[in-house]
$ cat final15.txt   # compact mmCIF, C-alpha atoms
# COMPACT_ATOMS: atom_id res chain seq x y z
CA ASP A 15 14.64 1.68 -14.24
CA THR A 16 11.92 -0.81 -15.14
CA ALA A 17 8.79 -0.13 -13.06
CA VAL A 18 7.47 -3.72 -12.98
CA SER A 19 9.97 -6.42 -13.80
CA GLN A 20 9.42 -10.15 -14.10
CA THR A 21 11.85 -13.01 -14.45
CA PRO A 22 12.27 -15.15 -16.38
CA LYS A 23 10.85 -13.78 -19.60
CA TYR A 24 10.77 -17.21 -21.22
CA LEU A 25 10.41 -20.57 -19.52
CA VAL A 26 10.31 -23.93 -21.30
CA THR A 27 9.84 -27.01 -19.15
CA GLN A 28 8.48 -30.54 -19.07
CA MET A 29 5.13 -31.67 -17.73
CA GLY A 30 5.24 -32.52 -14.05
CA ASN A 31 8.03 -30.05 -13.20
CA ASP A 32 7.75 -27.22 -10.65
CA LYS A 33 8.65 -23.67 -11.66
CA SER A 34 8.57 -20.15 -10.26
CA ILE A 35 8.17 -16.69 -11.74
CA LYS A 36 9.33 -13.64 -9.82
CA CYS A 37 8.01 -10.09 -9.95
CA GLU A 38 9.25 -6.85 -8.45
CA GLN A 39 7.87 -3.32 -8.65
CA ASN A 40 9.63 -0.08 -7.75
CA LEU A 41 6.58 2.20 -8.01
CA GLY A 42 5.76 2.17 -4.31
CA HIS A 43 2.37 0.58 -5.02
CA ASP A 44 0.54 -1.37 -2.36
CA THR A 45 -1.20 -3.91 -4.58
CA MET A 46 0.20 -6.51 -6.96
CA TYR A 47 -1.46 -8.97 -9.31
CA TRP A 48 -0.95 -12.03 -11.45
CA TYR A 49 -2.88 -12.24 -14.70
CA LYS A 50 -2.85 -15.15 -17.15
CA GLN A 51 -3.06 -14.52 -20.90
CA ASP A 52 -4.03 -17.57 -22.90
CA SER A 53 -3.33 -18.39 -26.54
CA LYS A 54 -6.39 -16.38 -27.61
CA LYS A 55 -4.95 -13.36 -25.77
CA PHE A 56 -7.71 -13.41 -23.15
CA LEU A 57 -6.52 -11.86 -19.87
CA LYS A 58 -7.83 -13.32 -16.64
CA ILE A 59 -6.92 -12.32 -13.11
CA MET A 60 -5.50 -15.06 -10.93
CA PHE A 61 -4.40 -13.42 -7.67
CA SER A 62 -4.01 -10.07 -6.01
CA TYR A 63 -2.09 -9.04 -2.90
CA ASN A 64 -2.51 -5.80 -0.98
CA ASN A 65 0.30 -5.08 1.47
CA LYS A 66 1.28 -8.75 1.49
CA GLU A 67 -2.29 -9.88 2.15
CA LEU A 68 -4.15 -12.02 -0.39
CA ILE A 69 -7.29 -10.16 -1.49
CA ILE A 70 -8.21 -11.88 -4.76
CA ASN A 71 -7.95 -15.60 -5.29
CA GLU A 72 -9.83 -16.60 -8.42
CA THR A 73 -10.73 -20.14 -9.35
CA VAL A 74 -7.22 -21.35 -10.00
CA PRO A 75 -5.88 -24.89 -9.41
CA ASN A 76 -4.15 -25.14 -6.06
CA ARG A 77 -0.99 -26.14 -7.94
CA PHE A 78 -0.58 -22.35 -8.30
CA SER A 79 0.68 -20.66 -5.15
CA PRO A 80 1.49 -16.96 -4.95
CA LYS A 81 3.80 -15.54 -2.31
CA SER A 82 4.41 -11.94 -1.37
CA PRO A 83 7.45 -11.51 0.88
CA ASP A 84 6.92 -7.74 0.92
CA LYS A 85 4.71 -5.27 -0.89
CA ALA A 86 7.27 -4.77 -3.67
CA HIS A 87 7.51 -8.45 -4.58
CA LEU A 88 5.02 -11.07 -5.72
CA ASN A 89 6.14 -14.50 -6.86
CA LEU A 90 4.18 -17.29 -8.50
CA HIS A 91 5.07 -20.92 -7.93
CA ILE A 92 3.51 -23.64 -10.04
CA ASN A 93 3.68 -27.31 -9.06
CA SER A 94 3.23 -30.34 -11.30
CA LEU A 95 3.01 -28.36 -14.51
CA GLU A 96 0.44 -29.41 -17.11
CA LEU A 97 0.20 -28.70 -20.83
CA GLY A 98 -2.72 -26.34 -20.19
CA ASP A 99 -0.55 -24.13 -18.02
CA SER A 100 1.23 -22.90 -21.13
CA ALA A 101 0.45 -19.18 -21.33
CA VAL A 102 1.91 -15.75 -20.76
CA TYR A 103 1.79 -14.70 -17.11
CA PHE A 104 1.71 -10.99 -16.39
CA CYS A 105 2.54 -9.33 -13.15
CA ALA A 106 1.00 -5.91 -12.47
CA SER A 107 0.87 -3.37 -9.69
CA SER A 108 -1.41 -0.50 -8.70
CA ASP A 109 -2.10 2.05 -6.03
CA ILE A 110 -5.44 0.66 -4.90
CA ARG A 111 -6.51 4.00 -3.42
CA ASN A 112 -6.18 5.62 -6.83
CA THR A 113 -8.15 4.93 -9.99
CA GLY A 114 -7.14 1.29 -10.18
CA GLU A 115 -4.83 1.77 -13.16
CA LEU A 116 -2.56 -1.23 -13.53
CA PHE A 117 1.10 -1.09 -14.47
CA PHE A 118 2.20 -4.29 -16.19
CA GLY A 119 5.43 -6.17 -16.48
CA GLU A 120 6.55 -7.52 -19.85
CA GLY A 121 5.22 -10.98 -19.18
CA SER A 122 6.69 -14.43 -18.69
CA ARG A 123 5.95 -16.90 -21.47
CA LEU A 124 5.64 -20.40 -20.04
CA THR A 125 5.73 -23.35 -22.42
CA VAL A 126 5.05 -26.81 -21.01
CA LEU A 127 6.12 -29.71 -23.24
CA ALA B 94 -21.09 -8.12 -12.19
CA GLN B 95 -18.83 -5.85 -14.12
CA SER B 96 -17.88 -6.81 -17.67
CA VAL B 97 -16.76 -5.36 -20.98
CA THR B 98 -17.55 -6.48 -24.51
CA GLN B 99 -15.32 -5.57 -27.39
CA LEU B 100 -17.16 -5.80 -30.69
CA GLY B 101 -14.95 -7.13 -33.43
CA SER B 102 -11.97 -9.29 -32.64
CA HIS B 103 -10.12 -7.96 -35.66
CA VAL B 104 -10.22 -4.53 -37.30
CA SER B 105 -8.29 -3.68 -40.45
CA VAL B 106 -7.72 -0.14 -41.70
CA SER B 107 -5.50 1.60 -44.22
CA GLU B 108 -2.79 3.96 -43.14
CA GLY B 109 -4.33 7.40 -42.69
CA ALA B 110 -7.85 6.07 -42.15
CA LEU B 111 -10.00 6.52 -39.07
CA VAL B 112 -9.59 3.94 -36.34
CA LEU B 113 -12.69 2.96 -34.35
CA LEU B 114 -12.51 0.18 -31.75
CA ARG B 115 -15.73 -0.56 -29.92
CA CYS B 116 -16.22 -1.28 -26.23
CA ASN B 117 -19.43 -1.65 -24.26
CA TYR B 118 -19.46 -2.10 -20.51
CA SER B 119 -21.76 -3.47 -17.89
CA SER B 120 -21.39 -2.07 -14.40
CA SER B 121 -23.57 -1.84 -11.33
CA VAL B 122 -21.58 1.13 -10.03
CA PRO B 123 -20.12 4.19 -11.79
CA PRO B 124 -17.26 2.63 -13.67
CA TYR B 125 -13.64 3.47 -14.18
CA LEU B 126 -12.81 2.48 -17.76
CA PHE B 127 -9.49 1.92 -19.45
CA TRP B 128 -7.96 1.19 -22.84
CA TYR B 129 -4.65 -0.65 -22.95
CA VAL B 130 -2.44 -1.49 -25.94
CA GLN B 131 -0.23 -4.55 -26.26
CA TYR B 132 2.50 -4.64 -28.89
CA PRO B 133 3.87 -8.06 -29.89
CA ASN B 134 5.80 -9.80 -27.12
CA GLN B 135 5.33 -6.91 -24.74
CA GLY B 136 3.26 -6.08 -21.69
CA LEU B 137 0.18 -3.88 -21.63
CA GLN B 138 0.55 -0.13 -21.76
CA LEU B 139 -2.15 2.32 -20.72
CA LEU B 140 -3.56 4.39 -23.58
CA LEU B 141 -6.16 6.33 -21.61
CA LYS B 142 -8.61 6.11 -18.72
CA TYR B 143 -12.01 7.48 -17.71
CA THR B 144 -12.43 8.24 -14.03
CA SER B 145 -15.71 10.23 -13.97
CA ALA B 146 -14.19 13.57 -14.93
CA ALA B 147 -14.47 14.68 -18.58
CA THR B 148 -16.42 12.28 -20.79
CA LEU B 149 -14.02 12.80 -23.72
CA VAL B 150 -10.68 11.41 -22.72
CA LYS B 151 -7.48 12.03 -24.62
CA GLY B 152 -4.68 9.52 -24.43
CA ILE B 153 -1.24 8.86 -25.80
CA ASN B 154 -0.34 8.41 -29.48
CA GLY B 155 -3.32 10.48 -30.68
CA PHE B 156 -6.02 8.17 -29.33
CA GLU B 157 -9.15 9.34 -27.57
CA ALA B 158 -12.31 7.76 -26.20
CA GLU B 159 -15.73 9.05 -25.26
CA PHE B 160 -17.71 7.79 -22.28
CA LYS B 161 -21.41 7.56 -23.16
CA LYS B 162 -23.46 6.49 -20.20
CA SER B 163 -26.72 6.28 -22.19
CA GLU B 164 -25.10 3.80 -24.56
CA THR B 165 -22.85 2.15 -21.93
CA SER B 166 -20.02 2.60 -24.40
CA PHE B 167 -16.39 3.69 -24.31
CA HIS B 168 -15.24 3.47 -27.94
CA LEU B 169 -11.63 4.22 -28.86
CA THR B 170 -10.85 6.39 -31.88
CA LYS B 171 -7.91 7.86 -33.73
CA PRO B 172 -8.38 10.16 -36.73
CA SER B 173 -5.50 8.83 -38.79
CA ALA B 174 -3.94 5.38 -38.40
CA HIS B 175 -0.19 4.80 -38.54
CA MET B 176 1.55 1.52 -39.27
CA ARG B 177 2.95 1.61 -35.74
CA ASP B 178 -0.61 1.45 -34.32
CA ALA B 179 -0.88 -2.21 -35.34
CA ALA B 180 -1.29 -4.05 -32.02
CA GLU B 181 -3.79 -5.69 -29.68
CA TYR B 182 -6.15 -3.32 -27.87
CA PHE B 183 -7.95 -4.13 -24.64
CA CYS B 184 -10.83 -2.35 -22.97
CA ALA B 185 -11.10 -2.83 -19.19
CA VAL B 186 -13.38 -1.89 -16.29
CA THR B 187 -12.74 -1.93 -12.58
CA ASP B 188 -14.41 -4.77 -10.71
CA GLN B 189 -17.17 -4.02 -8.24
CA ALA B 190 -14.79 -3.90 -5.29
CA GLY B 191 -12.47 -1.57 -7.16
CA THR B 192 -9.60 -3.95 -6.53
CA ALA B 193 -8.83 -5.28 -10.01
CA LEU B 194 -9.47 -4.76 -13.73
CA ILE B 195 -11.70 -6.96 -15.84
CA PHE B 196 -10.58 -7.07 -19.45
CA GLY B 197 -12.43 -7.52 -22.69
CA LYS B 198 -11.28 -10.19 -25.14
CA GLY B 199 -9.22 -7.73 -27.13
CA THR B 200 -9.28 -6.36 -30.68
CA THR B 201 -6.41 -6.87 -33.07
CA LEU B 202 -5.80 -3.76 -35.16
CA SER B 203 -4.08 -4.25 -38.51
CA VAL B 204 -2.88 -1.28 -40.53
CA SER B 205 -2.02 -1.64 -44.20
CA SER B 206 -0.05 0.75 -46.38

$ encode --input "final15.txt" --output "structure tokens"
Amino acid sequence: DTAVSQTPKYLVTQMGNDKSIKCEQNLGHDTMYWYKQDSKKFLKIMFSYNNKELIINETVPNRFSPKSPDKAHLNLHINSLELGDSAVYFCASSDIRNTGELFFGEGSRLTVL
Amino acid sequence: AQSVTQLGSHVSVSEGALVLLRCNYSSSVPPYLFWYVQYPNQGLQLLLKYTSAATLVKGINGFEAEFKKSETSFHLTKPSAHMRDAAEYFCAVTDQAGTALIFGKGTTLSVSS
């Protein structure tokens, strides 16, 4: 069983469209994250949820909206996609009471044309 | 604020040679430090972590790292490189709140035969 799974793995879409990426973890962790990896491979945190509550909300355009229906799921919805949104988006989870080690999904590569 | 600096964006070694990837950290609190590896088109996988126990940390695939507080360093080493070690390597530190990881910019390791 995959510990952290994201769908879709690849997403190609036009500018101006709205798209969502879904993430699920079966590790029983209480905290989930979205990280963005740009074309230079730099990883930057976007959001974090702890038990469905938003705890990290970095400087991200408000076109990006995370939603956590329960502590095992964290989705990312992006409105009015722009060329600069093209990146790989990684979902991760952790047990925040532990050492903070993150467990990552395989990533969702978003290409905006 | 917490941060990590990875010296050298690209390191090339021959198969069988020593691997040394450098990481220096900045932290206002005792840090938890991590090394992750990313193979092409995959998510990040934990290699090893320092959580204030032993300063020499052994990880998977023959890698190890030594925490040196006096030098604020956490360099990653492997005595003998294999072709399969070619990947992107990221050093990370927990943020001040202990709620997320802050990543360095990554080092690409190339291994030639």

$ residues_near_point --input "final15.txt" --point "(-22.4, -4.5, -20.0)" --cutoff "12 Å" --atoms "all atoms listed in the file" --output "JSON, numbers by chain"
{"B": [94, 95, 96, 97, 98, 99, 100, 116, 117, 118, 119, 120, 121, 122, 124, 162, 163, 164, 165, 166, 167, 185, 186, 195, 197]}

$ closest_atom_pairs --input "final15.txt" --of "chain A" --to "chain B" --cutoff "7 Å" --atoms "only C-alpha atoms" --output "CSV"
residue,atom,partner,partner_atom,distance
A:Phe56,CA,B:Lys198,CA,5.2
A:Leu57,CA,B:Phe196,CA,6.3
A:Ile110,CA,B:Thr192,CA,6.4
A:Thr113,CA,B:Thr144,CA,6.8
A:Gly114,CA,B:Gly191,CA,6.8
A:Phe118,CA,B:Leu137,CA,5.8
A:Gly119,CA,B:Gly136,CA,5.6
A:Glu120,CA,B:Gly136,CA,4.0
A:Gly121,CA,B:Gly136,CA,5.8

$ residues_around --input "final15.txt" --residues "Pro83 in chain A" --least-positions-apart "6" --cutoff "12 Å" --atoms "all atoms listed in the file" --output "PyMOL selection string"
chain A and resi 36-38+46+63-68+89-90

$ atom_distance --input "final15.txt" --atom1 "CA of Thr27 in chain A" --atom2 "CA of Arg77 in chain A"
15.6 Å

$ closest_residue --input "final15.txt" --among "A:Ile92, A:Leu41, A:Ile35, A:Leu124" --to "Val18 in chain A" --atoms "all atoms listed in the file"
A:Leu41

$ atom_distance --input "final15.txt" --atom1 "CA of Met60 in chain A" --atom2 "CA of Tyr47 in chain A"
7.5 Å

$ residues_around --input "final15.txt" --residues "Leu202 in chain B" --least-positions-apart "5" --cutoff "8 Å" --atoms "only C-alpha atoms" --output "ChimeraX atom specification"
/B:103-106,178-182

$ atom_distance --input "final15.txt" --atom1 "CA of Asn93 in chain A" --atom2 "CA of Leu116 in chain A"
27.2 Å

$ build_atoms --input "final15.txt" --residues "range 161-184 of chain B" --atoms "N, CA, C and O atoms" --output "PDB file, in the frame of the given file"
ATOM      1  N   LYS B 161     -19.997   7.267 -22.932  1.00  0.00           N
ATOM      2  CA  LYS B 161     -21.410   7.560 -23.160  1.00  0.00           C
ATOM      3  C   LYS B 161     -22.234   6.672 -22.257  1.00  0.00           C
ATOM      4  O   LYS B 161     -22.451   5.481 -22.555  1.00  0.00           O
ATOM      5  N   LYS B 162     -22.720   7.271 -21.179  1.00  0.00           N
ATOM      6  CA  LYS B 162     -23.460   6.490 -20.200  1.00  0.00           C
ATOM      7  C   LYS B 162     -24.751   5.930 -20.793  1.00  0.00           C
ATOM      8  O   LYS B 162     -25.125   4.781 -20.519  1.00  0.00           O
ATOM      9  N   SER B 163     -25.436   6.721 -21.622  1.00  0.00           N
ATOM     10  CA  SER B 163     -26.720   6.280 -22.190  1.00  0.00           C
ATOM     11  C   SER B 163     -26.547   5.064 -23.086  1.00  0.00           C
ATOM     12  O   SER B 163     -27.476   4.265 -23.247  1.00  0.00           O
ATOM     13  N   GLU B 164     -25.359   4.930 -23.673  1.00  0.00           N
ATOM     14  CA  GLU B 164     -25.100   3.800 -24.560  1.00  0.00           C
ATOM     15  C   GLU B 164     -24.206   2.753 -23.885  1.00  0.00           C
ATOM     16  O   GLU B 164     -23.881   1.748 -24.517  1.00  0.00           O
ATOM     17  N   THR B 165     -23.828   2.994 -22.673  1.00  0.00           N
ATOM     18  CA  THR B 165     -22.850   2.150 -21.930  1.00  0.00           C
ATOM     19  C   THR B 165     -21.676   1.795 -22.826  1.00  0.00           C
ATOM     20  O   THR B 165     -21.270   0.635 -22.952  1.00  0.00           O
ATOM     21  N   SER B 166     -21.114   2.828 -23.463  1.00  0.00           N
ATOM     22  CA  SER B 166     -20.020   2.600 -24.400  1.00  0.00           C
ATOM     23  C   SER B 166     -18.799   3.435 -24.041  1.00  0.00           C
ATOM     24  O   SER B 166     -18.902   4.473 -23.359  1.00  0.00           O
ATOM     25  N   PHE B 167     -17.672   2.983 -24.506  1.00  0.00           N
ATOM     26  CA  PHE B 167     -16.390   3.690 -24.310  1.00  0.00           C
ATOM     27  C   PHE B 167     -15.532   3.341 -25.505  1.00  0.00           C
ATOM     28  O   PHE B 167     -14.516   2.677 -25.405  1.00  0.00           O
ATOM     29  N   HIS B 168     -15.928   3.805 -26.691  1.00  0.00           N
ATOM     30  CA  HIS B 168     -15.240   3.470 -27.940  1.00  0.00           C
ATOM     31  C   HIS B 168     -13.948   4.257 -28.082  1.00  0.00           C
ATOM     32  O   HIS B 168     -13.882   5.439 -27.737  1.00  0.00           O
ATOM     33  N   LEU B 169     -12.954   3.621 -28.658  1.00  0.00           N
ATOM     34  CA  LEU B 169     -11.630   4.220 -28.860  1.00  0.00           C
ATOM     35  C   LEU B 169     -11.509   4.663 -30.315  1.00  0.00           C
ATOM     36  O   LEU B 169     -11.852   3.907 -31.227  1.00  0.00           O
ATOM     37  N   THR B 170     -11.007   5.883 -30.521  1.00  0.00           N
ATOM     38  CA  THR B 170     -10.850   6.390 -31.880  1.00  0.00           C
ATOM     39  C   THR B 170      -9.490   7.059 -32.064  1.00  0.00           C
ATOM     40  O   THR B 170      -8.852   7.504 -31.102  1.00  0.00           O
ATOM     41  N   LYS B 171      -9.089   7.096 -33.328  1.00  0.00           N
ATOM     42  CA  LYS B 171      -7.910   7.860 -33.730  1.00  0.00           C
ATOM     43  C   LYS B 171      -8.177   8.338 -35.142  1.00  0.00           C
ATOM     44  O   LYS B 171      -8.572   7.541 -35.997  1.00  0.00           O
ATOM     45  N   PRO B 172      -7.989   9.615 -35.422  1.00  0.00           N
ATOM     46  CA  PRO B 172      -8.380  10.160 -36.730  1.00  0.00           C
ATOM     47  C   PRO B 172      -7.612   9.552 -37.904  1.00  0.00           C
ATOM     48  O   PRO B 172      -8.178   9.355 -38.972  1.00  0.00           O
ATOM     49  N   SER B 173      -6.329   9.260 -37.684  1.00  0.00           N
ATOM     50  CA  SER B 173      -5.500   8.830 -38.790  1.00  0.00           C
ATOM     51  C   SER B 173      -4.548   7.721 -38.325  1.00  0.00           C
ATOM     52  O   SER B 173      -3.663   7.960 -37.502  1.00  0.00           O
ATOM     53  N   ALA B 174      -4.732   6.532 -38.843  1.00  0.00           N
ATOM     54  CA  ALA B 174      -3.940   5.380 -38.400  1.00  0.00           C
ATOM     55  C   ALA B 174      -2.512   5.438 -38.947  1.00  0.00           C
ATOM     56  O   ALA B 174      -2.284   5.859 -40.091  1.00  0.00           O
ATOM     57  N   HIS B 175      -1.567   4.983 -38.121  1.00  0.00           N
ATOM     58  CA  HIS B 175      -0.190   4.800 -38.540  1.00  0.00           C
ATOM     59  C   HIS B 175       0.135   3.311 -38.497  1.00  0.00           C
ATOM     60  O   HIS B 175      -0.493   2.552 -37.753  1.00  0.00           O
ATOM     61  N   MET B 176       1.137   2.929 -39.271  1.00  0.00           N
ATOM     62  CA  MET B 176       1.550   1.520 -39.270  1.00  0.00           C
ATOM     63  C   MET B 176       1.909   1.070 -37.857  1.00  0.00           C
ATOM     64  O   MET B 176       1.645  -0.064 -37.456  1.00  0.00           O
ATOM     65  N   ARG B 177       2.504   1.976 -37.079  1.00  0.00           N
ATOM     66  CA  ARG B 177       2.950   1.610 -35.740  1.00  0.00           C
ATOM     67  C   ARG B 177       1.800   1.371 -34.763  1.00  0.00           C
ATOM     68  O   ARG B 177       2.014   0.922 -33.634  1.00  0.00           O
ATOM     69  N   ASP B 178       0.549   1.687 -35.191  1.00  0.00           N
ATOM     70  CA  ASP B 178      -0.610   1.450 -34.320  1.00  0.00           C
ATOM     71  C   ASP B 178      -1.058  -0.009 -34.348  1.00  0.00           C
ATOM     72  O   ASP B 178      -1.917  -0.411 -33.549  1.00  0.00           O
ATOM     73  N   ALA B 179      -0.499  -0.801 -35.262  1.00  0.00           N
ATOM     74  CA  ALA B 179      -0.880  -2.210 -35.340  1.00  0.00           C
ATOM     75  C   ALA B 179      -0.500  -2.914 -34.047  1.00  0.00           C
ATOM     76  O   ALA B 179       0.677  -2.935 -33.659  1.00  0.00           O
ATOM     77  N   ALA B 180      -1.508  -3.449 -33.349  1.00  0.00           N
ATOM     78  CA  ALA B 180      -1.290  -4.050 -32.020  1.00  0.00           C
ATOM     79  C   ALA B 180      -2.610  -4.652 -31.554  1.00  0.00           C
ATOM     80  O   ALA B 180      -3.621  -4.629 -32.262  1.00  0.00           O
ATOM     81  N   GLU B 181      -2.577  -5.180 -30.332  1.00  0.00           N
ATOM     82  CA  GLU B 181      -3.790  -5.690 -29.680  1.00  0.00           C
ATOM     83  C   GLU B 181      -4.276  -4.620 -28.708  1.00  0.00           C
ATOM     84  O   GLU B 181      -3.473  -4.048 -27.966  1.00  0.00           O
ATOM     85  N   TYR B 182      -5.582  -4.359 -28.717  1.00  0.00           N
ATOM     86  CA  TYR B 182      -6.150  -3.320 -27.870  1.00  0.00           C
ATOM     87  C   TYR B 182      -7.179  -3.935 -26.932  1.00  0.00           C
ATOM     88  O   TYR B 182      -8.048  -4.713 -27.356  1.00  0.00           O
ATOM     89  N   PHE B 183      -7.065  -3.585 -25.663  1.00  0.00           N
ATOM     90  CA  PHE B 183      -7.950  -4.130 -24.640  1.00  0.00           C
ATOM     91  C   PHE B 183      -8.699  -3.020 -23.924  1.00  0.00           C
ATOM     92  O   PHE B 183      -8.097  -2.041 -23.479  1.00  0.00           O
ATOM     93  N   CYS B 184     -10.000  -3.205 -23.794  1.00  0.00           N
ATOM     94  CA  CYS B 184     -10.830  -2.350 -22.970  1.00  0.00           C
ATOM     95  C   CYS B 184     -10.973  -3.031 -21.606  1.00  0.00           C
ATOM     96  O   CYS B 184     -10.998  -4.273 -21.527  1.00  0.00           O
TER      97      CYS B 184
END
